[in-house]
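Enquirer: Dropping in entry-v1.cif, which is mmCIF, C-alpha atoms:
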data_input
loop_
_atom_site.group_PDB
_atom_site.id
_atom_site.type_symbol
_atom_site.label_atom_id
_atom_site.label_comp_id
_atom_site.auth_asym_id
_atom_site.auth_seq_id
_atom_site.Cartn_x
_atom_site.Cartn_y
_atom_site.Cartn_z
ATOM 1 C CA MET A 21 -24.004 64.893 15.380
ATOM 2 C CA THR A 22 -24.173 61.554 13.567
ATOM 3 C CA ARG A 23 -23.573 58.147 15.151
ATOM 4 C CA VAL A 24 -21.813 55.744 12.791
ATOM 5 C CA ALA A 25 -20.457 52.213 12.918
ATOM 6 C CA ALA A 26 -17.286 51.327 11.025
ATOM 7 C CA ILE A 27 -15.965 47.778 10.661
ATOM 8 C CA ASP A 28 -12.510 46.993 9.304
ATOM 9 C CA CYS A 29 -12.017 43.331 8.459
ATOM 10 C CA GLY A 30 -8.406 42.572 7.649
ATOM 11 C CA THR A 31 -6.285 39.462 7.279
ATOM 12 C CA ASN A 32 -5.595 39.085 10.999
ATOM 13 C CA SER A 33 -8.255 41.048 12.882
ATOM 14 C CA ILE A 34 -11.750 42.466 12.649
ATOM 15 C CA ARG A 35 -12.353 45.779 14.381
ATOM 16 C CA LEU A 36 -15.408 47.848 15.249
ATOM 17 C CA LEU A 37 -15.679 51.574 15.881
ATOM 18 C CA ILE A 38 -18.987 53.106 16.916
ATOM 19 C CA ALA A 39 -18.479 56.850 17.097
ATOM 20 C CA ASP A 40 -20.257 60.185 17.104
ATOM 21 C CA ILE A 41 -19.131 62.572 14.361
ATOM 22 C CA ASP A 42 -19.398 66.315 14.915
ATOM 23 C CA ARG A 43 -18.903 68.512 11.836
ATOM 24 C CA SER A 44 -20.039 71.759 13.441
ATOM 25 C CA ASN A 45 -16.529 73.254 13.482
ATOM 26 C CA GLY A 46 -15.708 72.481 9.852
ATOM 27 C CA SER A 47 -13.259 69.627 10.323
ATOM 28 C CA PRO A 48 -14.995 66.437 11.480
ATOM 29 C CA ALA A 49 -14.288 65.279 15.034
ATOM 30 C CA LEU A 50 -14.740 61.673 16.163
ATOM 31 C CA THR A 51 -15.821 60.750 19.673
ATOM 32 C CA ASP A 52 -15.517 57.040 20.424
ATOM 33 C CA VAL A 53 -18.519 55.205 21.811
ATOM 34 C CA VAL A 54 -17.224 51.651 21.322
ATOM 35 C CA ARG A 55 -13.856 50.522 19.933
ATOM 36 C CA GLU A 56 -13.250 46.757 19.808
ATOM 37 C CA MET A 57 -10.828 44.357 18.157
ATOM 38 C CA ARG A 58 -10.958 40.576 17.706
ATOM 39 C CA VAL A 59 -8.168 38.518 16.163
ATOM 40 C CA VAL A 60 -9.964 36.081 13.851
ATOM 41 C CA ARG A 61 -7.210 35.359 11.279
ATOM 42 C CA LEU A 62 -9.563 35.506 8.294
ATOM 43 C CA GLY A 63 -6.528 35.223 6.036
ATOM 44 C CA GLN A 64 -5.464 31.854 7.458
ATOM 45 C CA GLY A 65 -3.911 29.940 4.563
ATOM 46 C CA VAL A 66 -5.135 32.316 1.828
ATOM 47 C CA ASP A 67 -1.620 32.944 0.506
ATOM 48 C CA ALA A 68 -1.158 29.202 -0.094
ATOM 49 C CA THR A 69 -4.681 28.066 -1.050
ATOM 50 C CA GLY A 70 -6.332 31.147 -2.561
ATOM 51 C CA GLU A 71 -9.450 30.491 -0.446
ATOM 52 C CA LEU A 72 -10.873 31.506 2.927
ATOM 53 C CA ALA A 73 -10.737 28.510 5.291
ATOM 54 C CA PRO A 74 -14.089 27.321 6.743
ATOM 55 C CA GLU A 75 -12.885 27.744 10.331
ATOM 56 C CA ALA A 76 -11.614 31.261 9.583
ATOM 57 C CA LEU A 77 -14.988 32.188 8.101
ATOM 58 C CA GLU A 78 -16.740 30.794 11.177
ATOM 59 C CA ARG A 79 -14.584 32.862 13.553
ATOM 60 C CA THR A 80 -15.046 36.036 11.522
ATOM 61 C CA LEU A 81 -18.806 35.741 11.128
ATOM 62 C CA ALA A 82 -19.195 34.985 14.853
ATOM 63 C CA ALA A 83 -17.383 38.247 15.635
ATOM 64 C CA THR A 84 -19.537 40.056 13.063
ATOM 65 C CA ALA A 85 -22.678 38.774 14.794
ATOM 66 C CA ASP A 86 -21.398 40.185 18.102
ATOM 67 C CA TYR A 87 -20.678 43.513 16.431
ATOM 68 C CA ALA A 88 -24.180 43.568 14.922
ATOM 69 C CA ARG A 89 -25.644 43.332 18.436
ATOM 70 C CA LEU A 90 -23.456 46.198 19.667
ATOM 71 C CA ILE A 91 -24.382 48.376 16.693
ATOM 72 C CA LYS A 92 -28.082 47.837 17.373
ATOM 73 C CA GLU A 93 -27.633 48.423 21.108
ATOM 74 C CA HIS A 94 -25.875 51.765 20.562
ATOM 75 C CA GLY A 95 -28.175 52.995 17.810
ATOM 76 C CA ALA A 96 -25.718 53.681 15.003
ATOM 77 C CA GLU A 97 -27.467 55.426 12.103
ATOM 78 C CA ARG A 98 -25.012 54.416 9.377
ATOM 79 C CA ILE A 99 -22.842 51.326 8.947
ATOM 80 C CA ARG A 100 -19.897 50.665 6.658
ATOM 81 C CA PHE A 101 -18.157 47.272 6.551
ATOM 82 C CA VAL A 102 -14.813 47.243 4.738
ATOM 83 C CA ALA A 103 -12.799 44.114 3.959
ATOM 84 C CA THR A 104 -9.225 44.227 2.722
ATOM 85 C CA SER A 105 -6.353 41.978 1.675
ATOM 86 C CA ALA A 106 -7.501 38.433 2.506
ATOM 87 C CA SER A 107 -10.937 39.047 1.021
ATOM 88 C CA ARG A 108 -9.463 40.576 -2.134
ATOM 89 C CA ASP A 109 -7.335 37.471 -2.682
ATOM 90 C CA ALA A 110 -9.903 34.728 -1.963
ATOM 91 C CA ARG A 111 -11.783 32.880 -4.709
ATOM 92 C CA ASN A 112 -14.639 32.051 -2.320
ATOM 93 C CA ARG A 113 -15.107 35.549 -0.909
ATOM 94 C CA HIS A 114 -18.802 35.420 -1.914
ATOM 95 C CA VAL A 115 -19.409 33.115 1.090
ATOM 96 C CA PHE A 116 -17.984 35.776 3.377
ATOM 97 C CA VAL A 117 -19.881 38.604 1.653
ATOM 98 C CA ASP A 118 -23.199 36.735 1.881
ATOM 99 C CA GLY A 119 -22.666 36.008 5.584
ATOM 100 C CA VAL A 120 -21.907 39.618 6.457
ATOM 101 C CA ARG A 121 -24.877 40.898 4.455
ATOM 102 C CA HIS A 122 -27.187 38.523 6.337
ATOM 103 C CA LEU A 123 -25.883 39.579 9.760
ATOM 104 C CA LEU A 124 -25.611 43.353 9.274
ATOM 105 C CA GLY A 125 -28.084 44.161 6.524
ATOM 106 C CA VAL A 126 -25.426 46.087 4.591
ATOM 107 C CA GLU A 127 -23.269 45.129 1.640
ATOM 108 C CA PRO A 128 -19.679 44.530 2.750
ATOM 109 C CA GLU A 129 -17.177 46.306 0.540
ATOM 110 C CA VAL A 130 -14.097 44.398 -0.587
ATOM 111 C CA ILE A 131 -12.062 47.499 -1.355
ATOM 112 C CA SER A 132 -9.004 47.956 -3.537
ATOM 113 C CA GLY A 133 -5.560 48.446 -2.071
ATOM 114 C CA ASN A 134 -5.561 52.075 -3.184
ATOM 115 C CA GLU A 135 -8.837 52.835 -1.417
ATOM 116 C CA GLU A 136 -7.520 51.063 1.669
ATOM 117 C CA ALA A 137 -4.472 53.313 1.525
ATOM 118 C CA ALA A 138 -6.557 56.481 1.217
ATOM 119 C CA LEU A 139 -8.758 55.527 4.166
ATOM 120 C CA SER A 140 -5.675 54.763 6.287
ATOM 121 C CA PHE A 141 -4.216 58.169 5.473
ATOM 122 C CA ALA A 142 -7.504 59.905 6.300
ATOM 123 C CA GLY A 143 -7.690 58.161 9.663
ATOM 124 C CA ALA A 144 -4.094 58.866 10.659
ATOM 125 C CA SER A 145 -4.078 62.448 9.399
ATOM 126 C CA SER A 146 -7.280 63.307 11.262
ATOM 127 C CA VAL A 147 -5.494 63.318 14.609
ATOM 128 C CA LEU A 148 -1.761 63.858 14.006
ATOM 129 C CA PRO A 149 -0.379 67.411 13.661
ATOM 130 C CA ILE A 150 2.790 65.964 12.069
ATOM 131 C CA LEU A 151 1.262 66.679 8.638
ATOM 132 C CA ASP A 152 1.923 70.393 8.992
ATOM 133 C CA GLY A 153 4.719 71.297 6.581
ATOM 134 C CA HIS A 154 5.627 67.666 5.814
ATOM 135 C CA GLN A 155 5.293 65.162 3.039
ATOM 136 C CA VAL A 156 4.197 62.290 5.245
ATOM 137 C CA LEU A 157 4.451 58.626 4.358
ATOM 138 C CA VAL A 158 1.755 56.663 6.182
ATOM 139 C CA VAL A 159 2.612 52.951 6.338
ATOM 140 C CA ASP A 160 -0.316 50.668 7.160
ATOM 141 C CA LEU A 161 1.305 47.339 8.042
ATOM 142 C CA GLY A 162 -1.431 44.724 7.966
ATOM 143 C CA GLY A 163 -1.710 40.969 7.996
ATOM 144 C CA GLY A 164 -1.863 40.374 4.256
ATOM 145 C CA SER A 165 -0.758 43.669 2.745
ATOM 146 C CA THR A 166 1.058 46.889 3.502
ATOM 147 C CA GLU A 167 -0.066 50.264 2.188
ATOM 148 C CA PHE A 168 2.360 53.077 1.394
ATOM 149 C CA VAL A 169 0.540 56.415 1.269
ATOM 150 C CA LEU A 170 2.323 59.695 0.624
ATOM 151 C CA GLY A 171 0.463 62.895 1.326
ATOM 152 C CA THR A 172 0.315 66.347 2.830
ATOM 153 C CA ALA A 173 -2.241 68.334 4.783
ATOM 154 C CA ALA A 174 -4.056 68.764 1.452
ATOM 155 C CA GLY A 175 -4.547 65.023 1.027
ATOM 156 C CA VAL A 176 -3.070 61.941 -0.640
ATOM 157 C CA THR A 177 -0.391 62.461 -3.290
ATOM 158 C CA ALA A 178 0.274 58.809 -4.209
ATOM 159 C CA ALA A 179 -0.532 55.377 -2.799
ATOM 160 C CA LYS A 180 0.285 51.719 -3.391
ATOM 161 C CA SER A 181 -0.761 48.495 -1.672
ATOM 162 C CA VAL A 182 1.703 45.587 -1.783
ATOM 163 C CA ASP A 183 1.313 41.965 -0.723
ATOM 164 C CA VAL A 184 3.590 41.822 2.304
ATOM 165 C CA GLY A 185 2.108 41.559 5.790
ATOM 166 C CA CYS A 186 2.723 39.841 9.086
ATOM 167 C CA VAL A 187 0.404 36.874 8.460
ATOM 168 C CA ARG A 188 1.423 36.382 4.831
ATOM 169 C CA LEU A 189 5.179 36.404 5.560
ATOM 170 C CA THR A 190 4.821 34.231 8.646
ATOM 171 C CA GLU A 191 3.016 31.569 6.649
ATOM 172 C CA ARG A 192 5.295 31.926 3.643
ATOM 173 C CA HIS A 193 8.708 32.037 5.330
ATOM 174 C CA LEU A 194 8.985 32.220 9.138
ATOM 175 C CA GLN A 195 8.167 28.658 10.126
ATOM 176 C CA SER A 196 10.822 28.026 12.800
ATOM 177 C CA ASP A 197 10.601 29.178 16.421
ATOM 178 C CA PRO A 198 12.484 31.502 16.322
ATOM 179 C CA PRO A 199 13.006 31.816 12.559
ATOM 180 C CA THR A 200 16.332 30.908 10.971
ATOM 181 C CA ALA A 201 18.671 33.365 9.274
ATOM 182 C CA GLU A 202 17.712 31.874 5.903
ATOM 183 C CA GLN A 203 13.990 32.352 6.587
ATOM 184 C CA ILE A 204 14.577 35.937 7.675
ATOM 185 C CA ALA A 205 16.624 36.678 4.546
ATOM 186 C CA ALA A 206 13.878 35.271 2.306
ATOM 187 C CA ALA A 207 11.225 37.401 4.049
ATOM 188 C CA GLU A 208 13.381 40.525 3.809
ATOM 189 C CA ALA A 209 13.845 39.896 0.087
ATOM 190 C CA ASP A 210 10.045 39.938 -0.265
ATOM 191 C CA VAL A 211 9.870 43.275 1.580
ATOM 192 C CA ASP A 212 12.591 44.780 -0.609
ATOM 193 C CA ALA A 213 10.843 43.611 -3.775
ATOM 194 C CA ALA A 214 7.520 45.000 -2.524
ATOM 195 C CA MET A 215 9.071 48.388 -1.782
ATOM 196 C CA GLU A 216 10.565 48.544 -5.262
ATOM 197 C CA LYS A 217 7.115 47.813 -6.645
ATOM 198 C CA ALA A 218 5.649 50.568 -4.456
ATOM 199 C CA ARG A 219 8.307 53.020 -5.656
ATOM 200 C CA LEU A 220 7.007 52.709 -9.211
ATOM 201 C CA GLU A 221 3.918 54.637 -8.092
ATOM 202 C CA VAL A 222 4.888 56.329 -4.822
ATOM 203 C CA PRO A 223 8.021 58.540 -4.701
ATOM 204 C CA LEU A 224 9.124 57.269 -1.281
ATOM 205 C CA GLU A 225 12.303 59.363 -1.395
ATOM 206 C CA ARG A 226 10.222 62.558 -1.153
ATOM 207 C CA ALA A 227 8.873 61.718 2.303
ATOM 208 C CA THR A 228 10.042 63.951 5.146
ATOM 209 C CA ALA A 229 8.218 62.051 7.919
ATOM 210 C CA VAL A 230 6.913 58.511 8.443
ATOM 211 C CA VAL A 231 3.815 57.464 10.394
ATOM 212 C CA GLY A 232 3.136 53.788 11.076
ATOM 213 C CA VAL A 233 -0.336 52.431 11.801
ATOM 214 C CA ALA A 234 -1.956 49.095 12.735
ATOM 215 C CA GLY A 235 -1.264 46.461 15.353
ATOM 216 C CA SER A 236 2.244 45.386 14.421
ATOM 217 C CA VAL A 237 3.538 48.957 14.555
ATOM 218 C CA THR A 238 1.808 49.814 17.830
ATOM 219 C CA THR A 239 2.917 46.555 19.477
ATOM 220 C CA ILE A 240 6.535 47.132 18.433
ATOM 221 C CA THR A 241 6.253 50.631 19.901
ATOM 222 C CA ALA A 242 4.930 49.163 23.165
ATOM 223 C CA HIS A 243 7.911 46.809 23.219
ATOM 224 C CA ALA A 244 10.373 49.636 22.573
ATOM 225 C CA LEU A 245 8.800 51.602 25.447
ATOM 226 C CA ARG A 246 8.707 48.487 27.688
ATOM 227 C CA LEU A 247 5.189 49.326 28.794
ATOM 228 C CA PRO A 248 3.758 47.457 31.814
ATOM 229 C CA ALA A 249 0.553 46.867 29.777
ATOM 230 C CA TYR A 250 -0.775 47.808 26.365
ATOM 231 C CA SER A 251 -1.710 51.498 26.510
ATOM 232 C CA PRO A 252 -3.091 53.288 23.431
ATOM 233 C CA GLU A 253 -2.606 56.609 25.205
ATOM 234 C CA ALA A 254 1.114 55.944 25.751
ATOM 235 C CA ILE A 255 1.629 54.651 22.202
ATOM 236 C CA HIS A 256 -0.329 57.131 20.082
ATOM 237 C CA GLY A 257 1.805 59.935 18.695
ATOM 238 C CA THR A 258 5.039 58.470 20.051
ATOM 239 C CA GLY A 259 8.020 59.136 17.818
ATOM 240 C CA LEU A 260 11.060 56.881 18.077
ATOM 241 C CA PRO A 261 14.447 56.814 16.335
ATOM 242 C CA ILE A 262 14.902 54.113 13.707
ATOM 243 C CA ALA A 263 17.616 52.553 15.873
ATOM 244 C CA ASP A 264 15.177 52.056 18.766
ATOM 245 C CA ILE A 265 12.482 50.608 16.494
ATOM 246 C CA ARG A 266 15.024 48.309 14.830
ATOM 247 C CA ALA A 267 16.201 47.044 18.222
ATOM 248 C CA ALA A 268 12.648 46.344 19.422
ATOM 249 C CA ALA A 269 11.679 44.650 16.148
ATOM 250 C CA THR A 270 14.833 42.518 16.116
ATOM 251 C CA ASP A 271 14.236 41.478 19.708
ATOM 252 C CA LEU A 272 10.677 40.334 18.951
ATOM 253 C CA LEU A 273 11.803 38.511 15.805
ATOM 254 C CA GLY A 274 14.432 36.583 17.738
ATOM 255 C CA MET A 275 12.192 35.560 20.658
ATOM 256 C CA THR A 276 10.494 32.213 21.029
ATOM 257 C CA ARG A 277 6.721 32.086 20.868
ATOM 258 C CA ASP A 278 6.502 31.496 24.632
ATOM 259 C CA ASN A 279 8.653 34.533 25.380
ATOM 260 C CA ARG A 280 6.522 36.753 23.162
ATOM 261 C CA ALA A 281 3.337 35.438 24.740
ATOM 262 C CA ALA A 282 4.630 36.404 28.187
ATOM 263 C CA LEU A 283 5.020 40.090 27.309
ATOM 264 C CA PRO A 284 2.426 42.168 29.203
ATOM 265 C CA TYR A 285 1.407 44.244 26.160
ATOM 266 C CA MET A 286 1.166 41.367 23.670
ATOM 267 C CA HIS A 287 -2.312 40.533 22.366
ATOM 268 C CA PRO A 288 -2.686 36.730 22.177
ATOM 269 C CA GLY A 289 -3.695 36.977 18.535
ATOM 270 C CA ARG A 290 -0.429 38.719 17.611
ATOM 271 C CA VAL A 291 1.960 36.271 19.283
ATOM 272 C CA ASP A 292 2.443 34.126 16.177
ATOM 273 C CA VAL A 293 2.846 36.974 13.683
ATOM 274 C CA ILE A 294 4.553 39.861 15.495
ATOM 275 C CA GLY A 295 8.004 38.580 14.518
ATOM 276 C CA ALA A 296 7.144 39.033 10.858
ATOM 277 C CA GLY A 297 5.541 42.385 11.664
ATOM 278 C CA GLY A 298 8.802 43.463 13.262
ATOM 279 C CA LEU A 299 10.784 42.279 10.261
ATOM 280 C CA VAL A 300 8.612 44.245 7.835
ATOM 281 C CA TRP A 301 8.592 47.457 9.888
ATOM 282 C CA ARG A 302 12.345 47.246 10.541
ATOM 283 C CA ARG A 303 13.168 46.762 6.868
ATOM 284 C CA ILE A 304 10.817 49.502 5.674
ATOM 285 C CA LEU A 305 12.417 52.043 7.997
ATOM 286 C CA GLU A 306 15.946 50.961 7.076
ATOM 287 C CA ARG A 307 15.120 51.462 3.412
ATOM 288 C CA MET A 308 13.373 54.795 4.088
ATOM 289 C CA GLY A 309 16.505 56.027 5.831
ATOM 290 C CA GLU A 310 18.523 55.104 2.737
ATOM 291 C CA LEU A 311 16.045 56.423 0.164
ATOM 292 C CA SER A 312 15.660 59.768 1.945
ATOM 293 C CA GLY A 313 19.415 60.291 2.067
ATOM 294 C CA GLY A 314 19.347 60.161 5.848
ATOM 295 C CA LYS A 315 16.500 62.682 6.250
ATOM 296 C CA ILE A 316 14.185 60.041 7.735
ATOM 297 C CA THR A 317 15.647 59.229 11.144
ATOM 298 C CA GLY A 318 12.582 57.929 12.973
ATOM 299 C CA ALA A 319 8.868 57.179 12.806
ATOM 300 C CA THR A 320 5.691 58.048 14.680
ATOM 301 C CA ALA A 321 3.107 55.463 15.742
ATOM 302 C CA SER A 322 -0.605 56.192 15.391
ATOM 303 C CA GLU A 323 -3.479 54.361 17.063
ATOM 304 C CA HIS A 324 -5.824 55.965 14.530
ATOM 305 C CA ASP A 325 -5.909 54.394 11.102
ATOM 306 C CA ILE A 326 -8.217 52.932 8.453
ATOM 307 C CA LEU A 327 -10.957 52.299 11.041
ATOM 308 C CA ASP A 328 -11.190 56.029 11.757
ATOM 309 C CA GLY A 329 -11.039 56.717 8.024
ATOM 310 C CA ILE A 330 -14.002 54.416 7.417
ATOM 311 C CA ALA A 331 -16.032 56.159 10.127
ATOM 312 C CA LEU A 332 -15.210 59.607 8.741
ATOM 313 C CA SER A 333 -16.224 58.499 5.240
ATOM 314 C CA ILE A 334 -19.832 57.891 6.284
ATOM 315 C CA GLY A 335 -20.390 60.555 8.938
#
The structure given in the file should be rewritten as structure tokens.
Expert:
Amino acid sequence: MTRVAAIDCGTNSIRLLIADIDRSNGSPALTDVVREMRVVRLGQGVDATGELAPEALERTLAATADYARLIKEHGAERIRFVATSASRDARNRHVFVDGVRHLLGVEPEVISGNEEAALSFAGASSVLPILDGHQVLVVDLGGGSTEFVLGTAAGVTAAKSVDVGCVRLTERHLQSDPPTAEQIAAAEADVDAAMEKARLEVPLERATAVVGVAGSVTTITAHALRLPAYSPEAIHGTGLPIADIRAAATDLLGMTRDNRAALPYMHPGRVDVIGAGGLVWRRILERMGELSGGKITGATASEHDILDGIALSIG
């Protein structure tokens, strides 16, 4: 048994998983000790400025300091800190890297989109039996990027990271409350272009099942289920028809900020960006239905994702 600490620092949130890994039965099994998430919006303004904003750095490093205390308290033997889209794009990422190194004593890894995709697939596939007999497309819908990862029970077949995410598209296009038809059309055009780029490396049409991971997907699932509160247990492994996901995503996209904030399962840090998350997830599934010739009729949500993949990679 090995106790590890995994940190996933994305464009919108920074998450910590402290877990015990048991490899005694061949396949590794994770047992959560601590699982936390803070919305710090590290990617604030990166799409426009190319730099991490001082206030975003301050929020993120404050959360990292809190995580460092928890890691010490729970005696994790190994630590891996992974940073993704916003950090890849920022000219001043060295400020962020230096701050994390000082707080945690480990070198933060600003990983490539392809490695991010592989870790997401590893995390999702570790707990979902849907892989059996399927070519599964795992879609990791983040704040700055979205990863398309095609694979089977044997592992990843092809992967591509593209620069569409809920924070990036909100800042780039969805500035009204709620967004206008013109803003929505411009954002959808970005999603379509990104999927065509992904198709150059990932044969999306070969997928026989789709799994969605990360906060936008799980929040849209909570909305479709009309949960009385956010419940990972109710969301994880839930499969829904594309029509139900489209309806939930469209509803969130059309709401005002105040109406979204009032939903009982809405994290405060997702209120501003969940409309764009819904737009991206809706459009991806519409296109997957078309590309698969109607074979893809729904998608499954997973609460286990890149964070679990990071933990498994060091256990």
Enquirer: Which is closer to Ala281 of chain A than all the others in A:Gly313, A:Gly295, A:Gly95, A:Ile330, using all atoms listed in the file?
Expert: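 Of all the options, A:Gly295 lies closest to Ala281 of chain A.
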Enquirer: Any idea what the distance is between atom CA of Val159 of chain A and atom CA of Val231 of chain A?
Expert: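 Straight-line distance from atom CA of Val159 of chain A to atom CA of Val231 of chain A works out to 6.2 Å.
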Enquirer: Between A:Asn134, A:Thr270, A:Ser196, A:Thr51, which residue has the minimum interatomic distance to Phe168 of chain A, considering all atoms listed in the file?
Expert: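 The closest residue to Phe168 of chain A is A:Asn134.
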Enquirer: Just checking: using only C-alpha atoms, which residue out of A:Gly171, A:Gly30, A:Gly309, A:Gly318 ends up closest to Val130 of chain A?
Expert: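 Among the listed residues, the smallest separation from Val130 of chain A belongs to A:Gly30.
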Enquirer: Against segment 101-121 of chain A, which residues of segment 186-291 of chain A fall within 12 Å? For each one I want the closest pair of atoms and the distance in Å (one decimal), counting only C-alpha atoms, rows by chain and increasing residue number, as a tab-separated table.
Expert:
residue	atom	partner	partner_atom	distance
A:Cys186	CA	A:Ser105	CA	11.9
A:Val187	CA	A:Ala106	CA	10.0
A:Arg188	CA	A:Ala106	CA	9.4
Enquirer: So how many Å separate atom CA of Met215 of chain A and atom CA of Ala137 of chain A, to one decimal?
Expert: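 Value for the atom CA of Met215 of chain A-atom CA of Ala137 of chain A distance: 14.8 Å.
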Enquirer: Could you tell me which residues the PyMOL selection byres ((chain A and resi 163) around 10) returns for this structure, as a PDB file with C-alpha atoms, in the coordinates of the input?
Expert:
ATOM      1  CA  GLY A  30      -8.406  42.572   7.649  1.00  0.00           C
ATOM      2  CA  THR A  31      -6.285  39.462   7.279  1.00  0.00           C
ATOM      3  CA  ASN A  32      -5.595  39.085  10.999  1.00  0.00           C
ATOM      4  CA  SER A  33      -8.255  41.048  12.882  1.00  0.00           C
ATOM      5  CA  ARG A  61      -7.210  35.359  11.279  1.00  0.00           C
ATOM      6  CA  LEU A  62      -9.563  35.506   8.294  1.00  0.00           C
ATOM      7  CA  GLY A  63      -6.528  35.223   6.036  1.00  0.00           C
ATOM      8  CA  GLN A  64      -5.464  31.854   7.458  1.00  0.00           C
ATOM      9  CA  THR A 104      -9.225  44.227   2.722  1.00  0.00           C
ATOM     10  CA  SER A 105      -6.353  41.978   1.675  1.00  0.00           C
ATOM     11  CA  ALA A 106      -7.501  38.433   2.506  1.00  0.00           C
ATOM     12  CA  ASP A 160      -0.316  50.668   7.160  1.00  0.00           C
ATOM     13  CA  LEU A 161       1.305  47.339   8.042  1.00  0.00           C
ATOM     14  CA  GLY A 162      -1.431  44.724   7.966  1.00  0.00           C
ATOM     15  CA  GLY A 164      -1.863  40.374   4.256  1.00  0.00           C
ATOM     16  CA  SER A 165      -0.758  43.669   2.745  1.00  0.00           C
ATOM     17  CA  THR A 166       1.058  46.889   3.502  1.00  0.00           C
ATOM     18  CA  ASP A 183       1.313  41.965  -0.723  1.00  0.00           C
ATOM     19  CA  VAL A 184       3.590  41.822   2.304  1.00  0.00           C
ATOM     20  CA  GLY A 185       2.108  41.559   5.790  1.00  0.00           C
ATOM     21  CA  CYS A 186       2.723  39.841   9.086  1.00  0.00           C
ATOM     22  CA  VAL A 187       0.404  36.874   8.460  1.00  0.00           C
ATOM     23  CA  ARG A 188       1.423  36.382   4.831  1.00  0.00           C
ATOM     24  CA  LEU A 189       5.179  36.404   5.560  1.00  0.00           C
ATOM     25  CA  THR A 190       4.821  34.231   8.646  1.00  0.00           C
ATOM     26  CA  ALA A 234      -1.956  49.095  12.735  1.00  0.00           C
ATOM     27  CA  GLY A 235      -1.264  46.461  15.353  1.00  0.00           C
ATOM     28  CA  SER A 236       2.244  45.386  14.421  1.00  0.00           C
ATOM     29  CA  ARG A 290      -0.429  38.719  17.611  1.00  0.00           C
ATOM     30  CA  VAL A 293       2.846  36.974  13.683  1.00  0.00           C
ATOM     31  CA  ILE A 294       4.553  39.861  15.495  1.00  0.00           C
ATOM     32  CA  ALA A 296       7.144  39.033  10.858  1.00  0.00           C
ATOM     33  CA  GLY A 297       5.541  42.385  11.664  1.00  0.00           C
TER      34      GLY A 297
END
Enquirer: What does the structure give for the distance between atom CA of Thr241 of chain A and atom CA of Met275 of chain A, in Å to one decimal?
Expert: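 Atom-to-atom, atom CA of Thr241 of chain A and atom CA of Met275 of chain A are spaced 16.2 Å apart.
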Enquirer: Would you translate the PyMOL selection byres ((chain A and resi 82) around 12) into the concrete set of residues it matches in this file, as a list in words?
Expert: Ile34, Arg58, Val59, Val60, Leu62, Glu75, Ala76, Leu77, Glu78, Arg79, Thr80, Leu81, Ala83, Thr84, Ala85, Asp86, Tyr87, Ala88, Arg89, Phe116, Gly119, Val120, Leu123 and Leu124 of chain A
Enquirer: Could those selected residues go to a file with C-alpha atoms, as a PDB file, keeping the file's coordinate frame?
Expert:
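Output file selection14.pdb follows:
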ATOM      1  CA  ILE A  34     -11.750  42.466  12.649  1.00  0.00           C
ATOM      2  CA  ARG A  58     -10.958  40.576  17.706  1.00  0.00           C
ATOM      3  CA  VAL A  59      -8.168  38.518  16.163  1.00  0.00           C
ATOM      4  CA  VAL A  60      -9.964  36.081  13.851  1.00  0.00           C
ATOM      5  CA  LEU A  62      -9.563  35.506   8.294  1.00  0.00           C
ATOM      6  CA  GLU A  75     -12.885  27.744  10.331  1.00  0.00           C
ATOM      7  CA  ALA A  76     -11.614  31.261   9.583  1.00  0.00           C
ATOM      8  CA  LEU A  77     -14.988  32.188   8.101  1.00  0.00           C
ATOM      9  CA  GLU A  78     -16.740  30.794  11.177  1.00  0.00           C
ATOM     10  CA  ARG A  79     -14.584  32.862  13.553  1.00  0.00           C
ATOM     11  CA  THR A  80     -15.046  36.036  11.522  1.00  0.00           C
ATOM     12  CA  LEU A  81     -18.806  35.741  11.128  1.00  0.00           C
ATOM     13  CA  ALA A  83     -17.383  38.247  15.635  1.00  0.00           C
ATOM     14  CA  THR A  84     -19.537  40.056  13.063  1.00  0.00           C
ATOM     15  CA  ALA A  85     -22.678  38.774  14.794  1.00  0.00           C
ATOM     16  CA  ASP A  86     -21.398  40.185  18.102  1.00  0.00           C
ATOM     17  CA  TYR A  87     -20.678  43.513  16.431  1.00  0.00           C
ATOM     18  CA  ALA A  88     -24.180  43.568  14.922  1.00  0.00           C
ATOM     19  CA  ARG A  89     -25.644  43.332  18.436  1.00  0.00           C
ATOM     20  CA  PHE A 116     -17.984  35.776   3.377  1.00  0.00           C
ATOM     21  CA  GLY A 119     -22.666  36.008   5.584  1.00  0.00           C
ATOM     22  CA  VAL A 120     -21.907  39.618   6.457  1.00  0.00           C
ATOM     23  CA  LEU A 123     -25.883  39.579   9.760  1.00  0.00           C
ATOM     24  CA  LEU A 124     -25.611  43.353   9.274  1.00  0.00           C
TER      25      LEU A 124
END
Enquirer: List the residues matched by the PyMOL selection byres ((chain A and resi 176) around 10) in the displayed structure as number ranges by chain, ordered by chain and then by residue number.
Expert: A: 137-139, 141-142, 155-158, 169-175, 177-179
